[in-house]
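Below is run.txt, holding compact mmCIF, C-alpha atoms and all ligand atoms.
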```txt
# COMPACT_ATOMS: atom_id res chain seq x y z
CA MET Z 1 26.16 209.48 56.13
CA GLY Z 2 24.52 210.61 59.36
CA GLU Z 3 27.32 213.11 59.91
CA LYS Z 4 26.90 214.58 56.49
CA ASN Z 5 23.15 215.02 56.92
CA LYS Z 6 23.65 216.65 60.23
CA SER Z 7 26.00 219.18 58.84
CA ASN Z 8 23.55 219.94 56.04
CA ILE Z 9 20.85 220.54 58.55
CA ASP Z 10 23.13 222.68 60.64
CA GLU Z 11 24.00 224.63 57.59
CA ILE Z 12 20.30 225.25 56.86
CA PHE Z 13 19.69 226.46 60.39
CA ASP Z 14 22.74 228.66 60.27
CA ARG Z 15 21.63 230.19 57.04
CA VAL Z 16 17.98 230.70 57.98
CA LEU Z 17 18.52 231.83 61.54
CA ASP Z 18 21.34 234.18 60.64
CA ALA Z 19 19.34 235.64 57.80
CA GLN Z 20 16.56 236.37 60.22
CA THR Z 21 18.68 238.51 62.39
CA LYS Z 22 20.12 240.60 59.58
CA ILE Z 23 17.13 242.93 59.34
CA PHE Z 24 15.12 242.93 62.56
CA SER Z 25 16.58 243.46 65.97
CA ASN Z 26 13.10 243.50 67.52
CA ARG Z 27 10.20 242.72 65.24
CA GLU Z 28 7.66 242.87 68.10
CA VAL Z 29 7.53 246.65 68.19
CA LEU Z 30 6.01 246.70 64.71
CA THR Z 31 3.26 244.17 65.41
CA PRO Z 32 -0.37 245.23 65.92
CA ASN Z 33 -0.41 244.39 69.63
CA TYR Z 34 2.53 246.54 70.58
CA VAL Z 35 1.64 250.01 71.79
CA PRO Z 36 4.49 252.37 72.60
CA ASP Z 37 4.53 254.32 75.83
CA ILE Z 38 4.50 257.65 74.06
CA LEU Z 39 2.11 258.28 71.19
CA PRO Z 40 3.51 261.06 69.00
CA HIS Z 41 1.06 263.71 67.80
CA ARG Z 42 -1.71 262.68 70.13
CA ASP Z 43 -0.86 264.72 73.22
CA ASP Z 44 -3.82 266.95 72.51
CA LYS Z 45 -6.30 264.05 72.40
CA PHE Z 46 -4.73 262.59 75.52
CA GLU Z 47 -5.24 265.89 77.30
CA GLU Z 48 -8.81 266.35 76.05
CA LEU Z 49 -9.77 262.99 77.47
CA VAL Z 50 -8.03 263.51 80.79
CA LYS Z 51 -9.63 266.93 81.19
CA ILE Z 52 -13.09 265.43 80.83
CA LEU Z 53 -12.52 262.44 83.07
CA ALA Z 54 -10.10 263.49 85.80
CA PRO Z 55 -12.23 266.09 87.59
CA SER Z 56 -14.84 263.50 88.49
CA LEU Z 57 -12.26 261.39 90.30
CA ARG Z 58 -13.06 263.67 93.21
CA GLY Z 59 -16.82 263.50 92.75
CA GLY Z 60 -19.45 264.72 90.32
CA ALA Z 61 -20.73 262.90 87.28
CA PRO Z 62 -18.48 263.04 84.24
CA SER Z 63 -19.87 263.40 80.75
CA ASN Z 64 -20.24 260.54 78.35
CA ILE Z 65 -17.79 260.81 75.48
CA PHE Z 66 -18.13 260.00 71.84
CA ILE Z 67 -14.88 259.43 69.96
CA TYR Z 68 -14.68 259.14 66.25
CA GLY Z 69 -12.13 259.16 63.47
CA THR Z 70 -11.12 256.96 60.57
CA THR Z 71 -9.36 253.66 61.06
CA GLY Z 72 -5.80 253.60 62.41
CA THR Z 73 -5.85 257.11 63.87
CA GLY Z 74 -5.00 256.01 67.40
CA LYS Z 75 -8.45 256.05 69.03
CA THR Z 76 -8.04 252.70 70.77
CA ALA Z 77 -4.39 253.25 71.64
CA VAL Z 78 -4.93 256.71 73.15
CA THR Z 79 -8.06 255.72 75.08
CA LYS Z 80 -6.43 252.66 76.62
CA GLN Z 81 -3.40 254.68 77.54
CA VAL Z 82 -5.44 257.41 79.22
CA LEU Z 83 -7.27 254.81 81.28
CA SER Z 84 -4.21 252.96 82.47
CA LYS Z 85 -2.39 256.20 83.32
CA LEU Z 86 -5.47 257.55 85.07
CA LYS Z 87 -5.59 254.40 87.14
CA LYS Z 88 -2.00 254.85 88.26
CA GLU Z 89 -2.52 258.52 89.09
CA ALA Z 90 -5.70 257.76 91.02
CA GLU Z 91 -3.96 255.04 93.03
CA ALA Z 92 -1.12 257.38 93.90
CA ARG Z 93 -3.68 259.83 95.29
CA ASP Z 94 -5.83 257.23 97.00
CA LEU Z 95 -8.78 257.98 94.77
CA SER Z 96 -11.06 255.25 93.59
CA PHE Z 97 -11.14 254.60 89.85
CA LYS Z 98 -12.37 251.61 87.85
CA TYR Z 99 -12.75 250.93 84.19
CA SER Z 100 -13.95 248.37 81.71
CA TYR Z 101 -12.81 248.08 78.15
CA MET Z 102 -14.86 246.08 75.69
CA ASN Z 103 -14.62 245.58 72.01
CA CYS Z 104 -18.22 245.41 70.86
CA GLN Z 105 -17.39 242.91 68.18
CA HIS Z 106 -17.46 240.42 71.01
CA VAL Z 107 -20.33 241.66 73.17
CA ASP Z 108 -23.64 241.80 71.46
CA THR Z 109 -26.41 241.67 74.05
CA LYS Z 110 -27.25 243.82 77.04
CA TYR Z 111 -26.78 240.72 79.18
CA ARG Z 112 -23.23 240.16 77.89
CA VAL Z 113 -22.37 243.81 78.44
CA LEU Z 114 -23.59 243.70 82.01
CA THR Z 115 -21.89 240.41 82.90
CA GLN Z 116 -18.65 241.82 81.50
CA LEU Z 117 -19.04 244.92 83.66
CA CYS Z 118 -19.71 242.76 86.71
CA GLU Z 119 -16.67 240.65 86.01
CA ASP Z 120 -14.47 243.71 85.67
CA ILE Z 121 -15.41 245.00 89.12
CA GLY Z 122 -14.96 241.54 90.59
CA ILE Z 123 -18.47 240.24 91.06
CA ASP Z 124 -19.45 236.80 89.89
CA VAL Z 125 -22.53 236.38 87.76
CA PRO Z 126 -23.42 233.39 85.61
CA ILE Z 127 -22.96 233.82 81.86
CA THR Z 128 -26.62 232.88 81.37
CA GLY Z 129 -29.63 232.08 83.48
CA LEU Z 130 -30.34 235.23 85.45
CA HIS Z 131 -32.87 237.81 84.44
CA PHE Z 132 -31.30 240.94 83.00
CA ASP Z 133 -32.86 243.17 85.67
CA VAL Z 134 -31.27 241.05 88.38
CA VAL Z 135 -27.81 241.42 86.86
CA TYR Z 136 -28.33 245.13 86.38
CA GLN Z 137 -29.34 245.52 90.02
CA LYS Z 138 -26.33 243.50 91.19
CA PHE Z 139 -23.95 245.65 89.17
CA LYS Z 140 -25.54 248.87 90.33
CA GLU Z 141 -25.37 247.89 94.00
CA ALA Z 142 -21.82 246.61 93.77
CA LEU Z 143 -20.68 249.72 91.95
CA ASP Z 144 -22.39 252.02 94.41
CA ALA Z 145 -20.72 250.20 97.27
CA LEU Z 146 -17.35 251.00 95.74
CA ASN Z 147 -18.03 254.71 95.74
CA THR Z 148 -16.00 255.19 92.62
CA LEU Z 149 -15.72 256.71 89.22
CA HIS Z 150 -16.23 254.02 86.59
CA VAL Z 151 -15.42 254.47 82.92
CA THR Z 152 -16.89 252.00 80.45
CA VAL Z 153 -15.27 251.97 77.06
CA LEU Z 154 -17.36 250.57 74.22
CA ASP Z 155 -14.89 250.28 71.37
CA GLU Z 156 -16.45 249.80 67.92
CA VAL Z 157 -19.71 250.86 69.51
CA ASP Z 158 -21.49 250.80 66.12
CA MET Z 159 -21.37 246.99 66.36
CA LEU Z 160 -23.20 247.02 69.66
CA TYR Z 161 -25.75 249.51 68.45
CA SER Z 162 -26.64 247.44 65.42
CA LYS Z 163 -27.09 244.32 67.53
CA SER Z 164 -28.52 245.75 70.71
CA SER Z 165 -29.33 249.45 70.70
CA GLU Z 166 -31.06 248.98 74.02
CA SER Z 167 -27.73 248.24 75.74
CA LEU Z 168 -26.52 251.62 74.73
CA TYR Z 169 -29.65 253.31 75.95
CA ILE Z 170 -29.43 251.61 79.34
CA LEU Z 171 -25.74 252.38 79.80
CA THR Z 172 -25.95 256.02 78.89
CA ARG Z 173 -28.73 256.45 81.49
CA MET Z 174 -27.14 254.52 84.29
CA ASN Z 175 -25.89 257.57 86.17
CA SER Z 176 -29.39 258.54 87.20
CA ASP Z 177 -29.75 255.18 88.95
CA LEU Z 178 -26.47 255.41 90.82
CA GLU Z 179 -26.24 257.00 94.25
CA SER Z 180 -22.63 257.14 95.37
CA SER Z 181 -20.71 256.12 92.25
CA ARG Z 182 -20.45 257.78 88.86
CA ILE Z 183 -20.24 256.13 85.49
CA SER Z 184 -19.04 257.52 82.20
CA ILE Z 185 -19.45 255.84 78.83
CA ILE Z 186 -16.87 256.26 76.11
CA GLY Z 187 -18.17 255.14 72.72
CA ILE Z 188 -15.58 254.76 69.95
CA THR Z 189 -16.27 254.32 66.25
CA ASN Z 190 -14.61 254.69 62.89
CA ASP Z 191 -17.93 254.81 61.11
CA VAL Z 192 -18.38 258.42 60.08
CA ASN Z 193 -22.10 258.03 59.52
CA PHE Z 194 -22.76 256.31 62.80
CA LYS Z 195 -23.81 259.40 64.69
CA GLU Z 196 -26.55 260.18 62.20
CA THR Z 197 -28.00 256.69 62.52
CA LEU Z 198 -28.25 256.92 66.31
CA ASP Z 199 -31.58 257.19 68.02
CA PRO Z 200 -31.76 260.89 69.03
CA ARG Z 201 -32.17 260.01 72.72
CA ILE Z 202 -29.01 257.94 72.70
CA ARG Z 203 -27.17 260.43 70.53
CA SER Z 204 -27.64 263.31 72.91
CA SER Z 205 -26.51 261.41 75.98
CA LEU Z 206 -23.65 259.53 74.35
CA SER Z 207 -22.18 262.60 72.74
CA GLU Z 208 -22.22 265.00 75.64
CA GLU Z 209 -18.58 265.43 74.75
CA GLU Z 210 -17.06 264.64 71.38
CA ILE Z 211 -13.49 264.01 70.43
CA VAL Z 212 -12.47 263.77 66.82
CA PHE Z 213 -9.29 261.97 65.77
CA SER Z 214 -8.17 263.46 62.51
CA PRO Z 215 -6.17 261.47 59.97
CA TYR Z 216 -2.41 261.57 60.38
CA SER Z 217 -0.45 263.49 57.79
CA ALA Z 218 2.52 261.89 56.03
CA GLU Z 219 4.89 263.85 58.31
CA GLN Z 220 3.13 262.65 61.43
CA LEU Z 221 3.21 259.08 60.21
CA ARG Z 222 6.91 259.43 59.59
CA ASP Z 223 7.42 260.36 63.25
CA ILE Z 224 5.27 257.43 64.36
CA LEU Z 225 7.38 255.05 62.28
CA THR Z 226 10.77 256.46 63.19
CA GLN Z 227 9.89 256.26 66.87
CA ARG Z 228 9.99 252.46 66.46
CA THR Z 229 12.67 251.94 63.83
CA ASP Z 230 15.71 252.29 66.09
CA VAL Z 231 14.46 249.44 68.24
CA ALA Z 232 12.96 247.35 65.44
CA PHE Z 233 15.89 247.29 63.01
CA HIS Z 234 19.59 246.84 62.94
CA LYS Z 235 21.49 249.97 62.14
CA GLY Z 236 21.47 251.02 58.52
CA VAL Z 237 19.20 248.33 57.07
CA LEU Z 238 16.44 250.71 55.97
CA GLU Z 239 17.26 252.19 52.63
CA PHE Z 240 16.68 255.88 52.14
CA GLY Z 241 13.07 256.52 51.14
CA VAL Z 242 11.51 253.48 52.78
CA ILE Z 243 10.04 255.36 55.74
CA ASN Z 244 8.82 258.15 53.49
CA LEU Z 245 7.09 255.72 51.19
CA CYS Z 246 5.38 253.86 54.04
CA SER Z 247 4.21 257.16 55.52
CA ALA Z 248 2.98 258.44 52.19
CA VAL Z 249 0.91 255.32 51.57
CA GLY Z 250 -0.61 255.50 55.07
CA ALA Z 251 -1.44 259.15 54.53
CA GLN Z 252 -3.24 258.31 51.30
CA GLN Z 253 -5.17 255.61 53.12
CA HIS Z 254 -7.01 258.20 55.22
CA GLY Z 255 -4.02 258.79 57.51
CA ASP Z 256 -3.87 255.25 58.80
CA ALA Z 257 -0.97 254.49 61.18
CA ARG Z 258 -1.84 250.81 61.20
CA ARG Z 259 -1.39 250.63 57.44
CA SER Z 260 1.99 252.38 57.58
CA LEU Z 261 3.25 250.13 60.36
CA ASP Z 262 2.02 246.97 58.64
CA LEU Z 263 3.63 248.05 55.43
CA LEU Z 264 6.99 248.61 57.06
CA ARG Z 265 6.84 245.30 58.92
CA VAL Z 266 5.79 243.25 55.89
CA ALA Z 267 8.36 244.95 53.66
CA ALA Z 268 11.08 244.06 56.15
CA GLU Z 269 9.79 240.50 56.41
CA LEU Z 270 9.97 240.15 52.66
CA ALA Z 271 13.54 241.41 52.65
CA GLU Z 272 14.45 239.05 55.44
CA ARG Z 273 12.90 236.02 53.82
CA ASN Z 274 14.71 236.86 50.64
CA GLY Z 275 18.03 237.01 52.45
CA ASP Z 276 18.49 240.65 51.45
CA GLU Z 277 20.76 242.90 53.43
CA SER Z 278 18.50 245.91 53.44
CA VAL Z 279 14.87 246.97 53.05
CA THR Z 280 14.24 248.90 49.84
CA GLU Z 281 11.35 250.78 48.28
CA LEU Z 282 10.78 247.77 46.07
CA HIS Z 283 10.10 245.66 49.16
CA VAL Z 284 7.55 248.25 50.24
CA ARG Z 285 5.79 248.08 46.88
CA LYS Z 286 5.65 244.30 47.11
CA ALA Z 287 4.39 244.49 50.67
CA GLN Z 288 1.61 246.76 49.49
CA GLN Z 289 0.45 244.06 47.10
CA VAL Z 290 0.68 241.38 49.77
CA ILE Z 291 -1.40 243.41 52.22
CA GLU Z 292 -4.06 244.35 49.71
CA ARG Z 293 -4.29 240.79 48.51
CA ASN Z 294 -4.65 239.50 52.05
CA THR Z 295 -7.49 241.83 52.92
CA VAL Z 296 -9.44 240.89 49.79
CA ILE Z 297 -8.94 237.19 50.41
CA GLU Z 298 -9.90 237.51 54.06
CA VAL Z 299 -13.20 239.11 53.12
CA LEU Z 300 -13.95 236.59 50.38
CA ASP Z 301 -13.04 233.63 52.56
CA THR Z 302 -15.69 234.42 55.13
CA LEU Z 303 -18.60 234.60 52.67
CA PRO Z 304 -21.32 231.94 53.03
CA ILE Z 305 -21.54 229.24 50.35
CA GLN Z 306 -24.58 230.76 48.64
CA THR Z 307 -22.80 234.09 48.25
CA LYS Z 308 -19.74 232.30 46.97
CA ALA Z 309 -21.90 230.55 44.38
CA VAL Z 310 -23.21 233.94 43.25
CA LEU Z 311 -19.65 235.23 43.11
CA GLN Z 312 -18.64 232.24 41.05
CA ALA Z 313 -21.48 232.95 38.63
CA ILE Z 314 -20.19 236.51 38.26
CA PHE Z 315 -16.64 235.28 37.83
CA ILE Z 316 -17.62 232.81 35.11
CA GLY Z 317 -19.96 235.31 33.46
CA GLU Z 318 -17.20 237.89 33.21
CA GLY Z 319 -14.97 235.34 31.56
CA LYS Z 320 -17.61 234.74 28.90
CA SER Z 321 -18.78 238.18 27.93
CA GLU Z 322 -17.91 241.82 28.26
CA GLU Z 323 -21.04 242.81 30.03
CA ILE Z 324 -23.15 240.77 32.41
CA THR Z 325 -26.44 241.62 34.04
CA THR Z 326 -28.32 240.37 37.09
CA GLY Z 327 -30.29 238.10 34.76
CA ASP Z 328 -27.12 236.48 33.39
CA VAL Z 329 -25.77 236.03 36.86
CA TYR Z 330 -28.98 234.39 38.02
CA GLU Z 331 -28.96 231.99 35.12
CA LEU Z 332 -25.38 230.93 35.75
CA TYR Z 333 -25.97 230.77 39.46
CA SER Z 334 -28.94 228.44 39.00
CA ARG Z 335 -26.88 226.19 36.78
CA ILE Z 336 -24.09 226.04 39.34
CA CYS Z 337 -26.56 225.18 42.11
CA LYS Z 338 -28.05 222.35 40.07
CA LEU Z 339 -24.65 220.90 39.28
CA ILE Z 340 -23.50 220.89 42.88
CA ARG Z 341 -26.91 220.27 44.46
CA LEU Z 342 -27.20 223.52 46.31
CA ASP Z 343 -30.64 225.01 47.05
CA ILE Z 344 -31.55 227.57 44.42
CA LEU Z 345 -32.52 230.87 45.99
CA THR Z 346 -35.06 233.19 44.38
CA ALA Z 347 -33.90 235.88 41.97
CA ARG Z 348 -34.83 238.48 44.53
CA ARG Z 349 -32.68 236.86 47.20
CA VAL Z 350 -29.77 236.57 44.77
CA GLY Z 351 -30.28 240.26 44.04
CA ASP Z 352 -29.81 240.91 47.76
CA LEU Z 353 -26.62 238.86 47.80
CA ILE Z 354 -25.31 240.86 44.85
CA ASN Z 355 -26.06 244.03 46.79
CA GLU Z 356 -24.13 242.66 49.73
CA LEU Z 357 -21.15 241.97 47.47
CA ASP Z 358 -21.50 245.52 46.23
CA MET Z 359 -21.49 246.89 49.77
CA LEU Z 360 -18.33 244.91 50.53
CA GLY Z 361 -16.69 246.48 47.49
CA ILE Z 362 -16.24 243.15 45.71
CA VAL Z 363 -18.47 243.99 42.76
CA THR Z 364 -20.21 247.03 41.40
CA ALA Z 365 -23.86 246.75 40.47
CA GLN Z 366 -25.17 249.57 38.34
CA VAL Z 367 -28.84 249.93 37.46
CA ILE Z 368 -29.34 249.85 33.68
CA SER Z 369 -33.09 249.48 33.25
CA LYS Z 370 -36.32 248.90 35.03
CA GLY Z 371 -37.96 245.98 33.30
CA ARG Z 372 -41.00 243.88 34.02
CA TYR Z 373 -39.13 241.69 36.43
CA GLY Z 374 -37.66 244.50 38.46
CA ARG Z 375 -34.49 246.41 37.99
CA SER Z 376 -31.72 244.97 35.93
CA LYS Z 377 -28.18 245.81 36.87
CA ARG Z 378 -24.85 245.58 35.19
CA ILE Z 379 -22.46 243.60 37.38
CA HIS Z 380 -18.73 243.99 37.40
CA LEU Z 381 -16.01 242.41 39.57
CA THR Z 382 -13.86 245.04 41.24
CA VAL Z 383 -11.29 242.73 42.79
CA PRO Z 384 -8.65 240.80 40.86
CA PRO Z 385 -10.28 237.68 39.32
CA ARG Z 386 -7.21 235.64 40.26
CA GLN Z 387 -7.94 236.19 43.93
CA VAL Z 388 -11.61 235.34 43.50
CA ARG Z 389 -10.67 232.09 41.86
CA GLU Z 390 -8.13 231.29 44.54
CA VAL Z 391 -10.80 231.59 47.23
CA LEU Z 392 -13.49 229.71 45.31
CA GLU Z 393 -11.11 226.87 44.63
CA LYS Z 394 -10.77 226.30 48.32
CA GLU Z 395 -14.48 225.47 48.45
CA PHE Z 396 -14.71 221.78 47.68
CA ARG Z 397 -18.02 221.84 45.84
CA LEU Z 398 -17.29 224.94 43.82
CA THR Z 399 -13.93 223.62 42.66
CA LYS Z 400 -15.75 221.01 40.63
CA ILE Z 401 -17.42 223.71 38.58
CA PHE Z 402 -14.04 225.00 37.45
CA GLU Z 403 -13.17 221.52 36.25
CA MET Z 404 -16.17 221.38 33.92
CA GLU Z 405 -15.63 222.17 30.27
CA ASP Z 406 -18.58 224.42 29.81
CA ILE Z 407 -21.33 225.30 32.18
N1 LIG Z 501 0.21 258.45 67.69
C1 LIG Z 501 0.63 257.19 67.58
N2 LIG Z 501 1.88 256.85 67.93
C2 LIG Z 501 2.34 255.60 67.82
N3 LIG Z 501 1.60 254.59 67.35
C3 LIG Z 501 0.34 254.86 66.98
C4 LIG Z 501 -0.21 256.17 67.08
N4 LIG Z 501 -1.48 256.14 66.63
C5 LIG Z 501 -1.72 254.87 66.27
N5 LIG Z 501 -0.64 254.10 66.49
C6 LIG Z 501 -0.54 252.69 66.20
O1 LIG Z 501 -1.31 252.41 65.03
C7 LIG Z 501 -2.11 251.26 65.20
C8 LIG Z 501 -3.58 251.63 65.08
O2 LIG Z 501 -3.97 252.44 66.17
P1 LIG Z 501 -5.37 252.22 66.91
O3 LIG Z 501 -5.63 250.77 67.08
O4 LIG Z 501 -5.37 253.05 68.14
O5 LIG Z 501 -6.35 252.82 65.81
P2 LIG Z 501 -7.92 253.08 65.87
O6 LIG Z 501 -8.13 254.54 65.66
O7 LIG Z 501 -8.47 252.49 67.12
O8 LIG Z 501 -8.39 252.29 64.59
P3 LIG Z 501 -9.76 251.46 64.34
O9 LIG Z 501 -10.81 252.48 64.08
O10 LIG Z 501 -9.45 250.64 63.13
O11 LIG Z 501 -10.01 250.64 65.57
C9 LIG Z 501 -1.75 250.68 66.54
O12 LIG Z 501 -0.79 249.67 66.34
C10 LIG Z 501 -1.14 251.84 67.30
O13 LIG Z 501 -0.19 251.40 68.22
MG MG Z 502 -9.72 250.84 67.45
```
Let me see the structure of the file written as structure tokens.
Amino acid sequence: MGEKNKSNIDEIFDRVLDAQTKIFSNREVLTPNYVPDILPHRDDKFEELVKILAPSLRGGAPSNIFIYGTTGTGKTAVTKQVLSKLKKEAEARDLSFKYSYMNCQHVDTKYRVLTQLCEDIGIDVPITGLHFDVVYQKFKEALDALNTLHVTVLDEVDMLYSKSSESLYILTRMNSDLESSRISIIGITNDVNFKETLDPRIRSSLSEEEIVFSPYSAEQLRDILTQRTDVAFHKGVLEFGVINLCSAVGAQQHGDARRSLDLLRVAAELAERNGDESVTELHVRKAQQVIERNTVIEVLDTLPIQTKAVLQAIFIGEGKSEEITTGDVYELYSRICKLIRLDILTARRVGDLINELDMLGIVTAQVISKGRYGRSKRIHLTVPPRQVREVLEKEFRLTKIFEMEDI
């Protein structure tokens, strides 16, 4: 009996493992962390950056640089590449060059920014405990002692600005405190309105130079994809039209290379899992659904319980009548809270939560009248109800509501 089982298991492994090699020869090159050595269609941006930074390797303060462009247009990839190449070139010429790269999603205070900078030039400071001015002084002295050009990249700089605008102010002014070193700040954002929201003093110093990354066209995306396909796939597994479709979808999504690459990878994964011999346009269409579904669910999953309760009220309300208003939502929401013993927030606060859902693109809230109790709005779910339910059902307390006959 043992023998028989073993051969069954072997057979399963044979089948699954062999199937997995039919499509991909190297899946890695399509994953988000892989960045190719050459970035097609971005030579001009590469050169713009180098032209601003390189001259100050030999002295003189470089300008601060503000980089913007919609998501997936290569801002992070190009910037990182310029820095690492600049480092190599500087070393080869015995010139001193240092840089720090931070994603501002993870640094949110001026203290954190400074300790990160210290760490990157090799000085030890405690994560907490020192006064900010002390850390600043330490960094300044250590940097000056290095007699170097230092580039600080603040990726997703809008995040830092919303949490600690002062950090940005301090950093963009640091050059005037330095004696023998020079610092340049590169701020990157995909938020097109960010510049307008900046404090004018910060705006003028951060955007001494500006580089705009325009969306990729479908043709450009095709080149970006084909650059990786020879390595990623076995010969002949991509059906005609697959690359074009992935590029076209990325181009529609504000020229997003990340979207095109994800689409191609997920489509191929679907084909592979299905045991298919090739990747077809149908796989790409399915992948599109998978990706869209995942982003919606990711957003919904992270909502706090109170917001989820409001969302559940909207979900149930929509199931009951054609049109629901803020008042209806509040009534249902209050009932849900009572049933599951959740604190009932005020109508005004629930109104704020509805606005947040609106901002996230999960519902639309349209003003219909201005009554005695404030403005009433018509609420409508904009994401598939199935996905809303799927997320709410994962929340233990809210699940119980779905089990009730009528609420
Ligand atoms: N010109 C290019 N050639 C090859 N791959 C590219 C190119 N531009 C972008 N990519 C790839 O697309 C993905 C997204 O690029 P990147 O992270 O640089 O975008 P971004 O502009 O920083 O987007 P976001 O604003 O969302 O941070 C990465 O996987 C990157 O390797
Ligand atoms: Mg980026």
Mind checking which residues fall within 12 Å of Z:Arg349, counting all atoms listed in the file, ignoring those fewer than 5 positions away in the same chain, and posting them as a compact mmCIF listing (two decimals) with C-alpha atoms, in the frame of the given file?
```txt
# COMPACT_ATOMS: atom_id res chain seq x y z
CA GLN Z 306 -24.58 230.76 48.64
CA THR Z 307 -22.80 234.09 48.25
CA VAL Z 310 -23.21 233.94 43.25
CA THR Z 326 -28.32 240.37 37.09
CA TYR Z 330 -28.98 234.39 38.02
CA TYR Z 333 -25.97 230.77 39.46
CA ILE Z 344 -31.55 227.57 44.42
CA ILE Z 354 -25.31 240.86 44.85
CA ASN Z 355 -26.06 244.03 46.79
CA GLU Z 356 -24.13 242.66 49.73
```
For this session: Produce as an MDAnalysis selection string the set of residues near ligand MG 502 (chain Z), where near means within 12 Å with all atoms listed in the file considered.
Result: chainID Z and resid 32:33 67:80 101:105 153:158 187:191 213 256:258
Exercise. So which residues touch Z:Ser217 within 9 Å, counting all atoms listed in the file, skipping near sequence neighbours fewer than 5 positions away, as a PyMOL selection string?
Worked result: chain Z and resi 222+247-248+250-252+254-256
Problem set entry | Interatomic distance, atom CA of Z:Val350 to atom CA of Z:Asn294 (Å, one decimal) |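 If I compute the distance from atom CA of Z:Val350 to atom CA of Z:Asn294, I get 26.3 Å.
Nearest-residue note for ligand LIG 501 (chain Z): choosing from Z:Phe24, Z:Tyr34, Z:Phe132, Z:Tyr99, the minimum distance belongs to Z:Tyr34, counting all atoms listed in the file.
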Exercise. Which neighbours of Z:Val391 fall inside 8 Å, counting all atoms listed in the file, when residues of the same chain fewer than 2 positions from it are skipped, and could you give them as a list in words?
Worked result: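 So the residues in contact are Ile297, Leu300, Asp301, Gln387, Val388, Arg389, Glu393, Lys394 and Glu395 of chain Z.
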Problem set entry | Among the residues Z:Ser96, Z:Ser204, Z:Thr280, Z:Ser84, the one that comes closest to Z:Gly236 [using only C-alpha atoms] |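 Closest residue, counting only C-alpha atoms: Z:Thr280.
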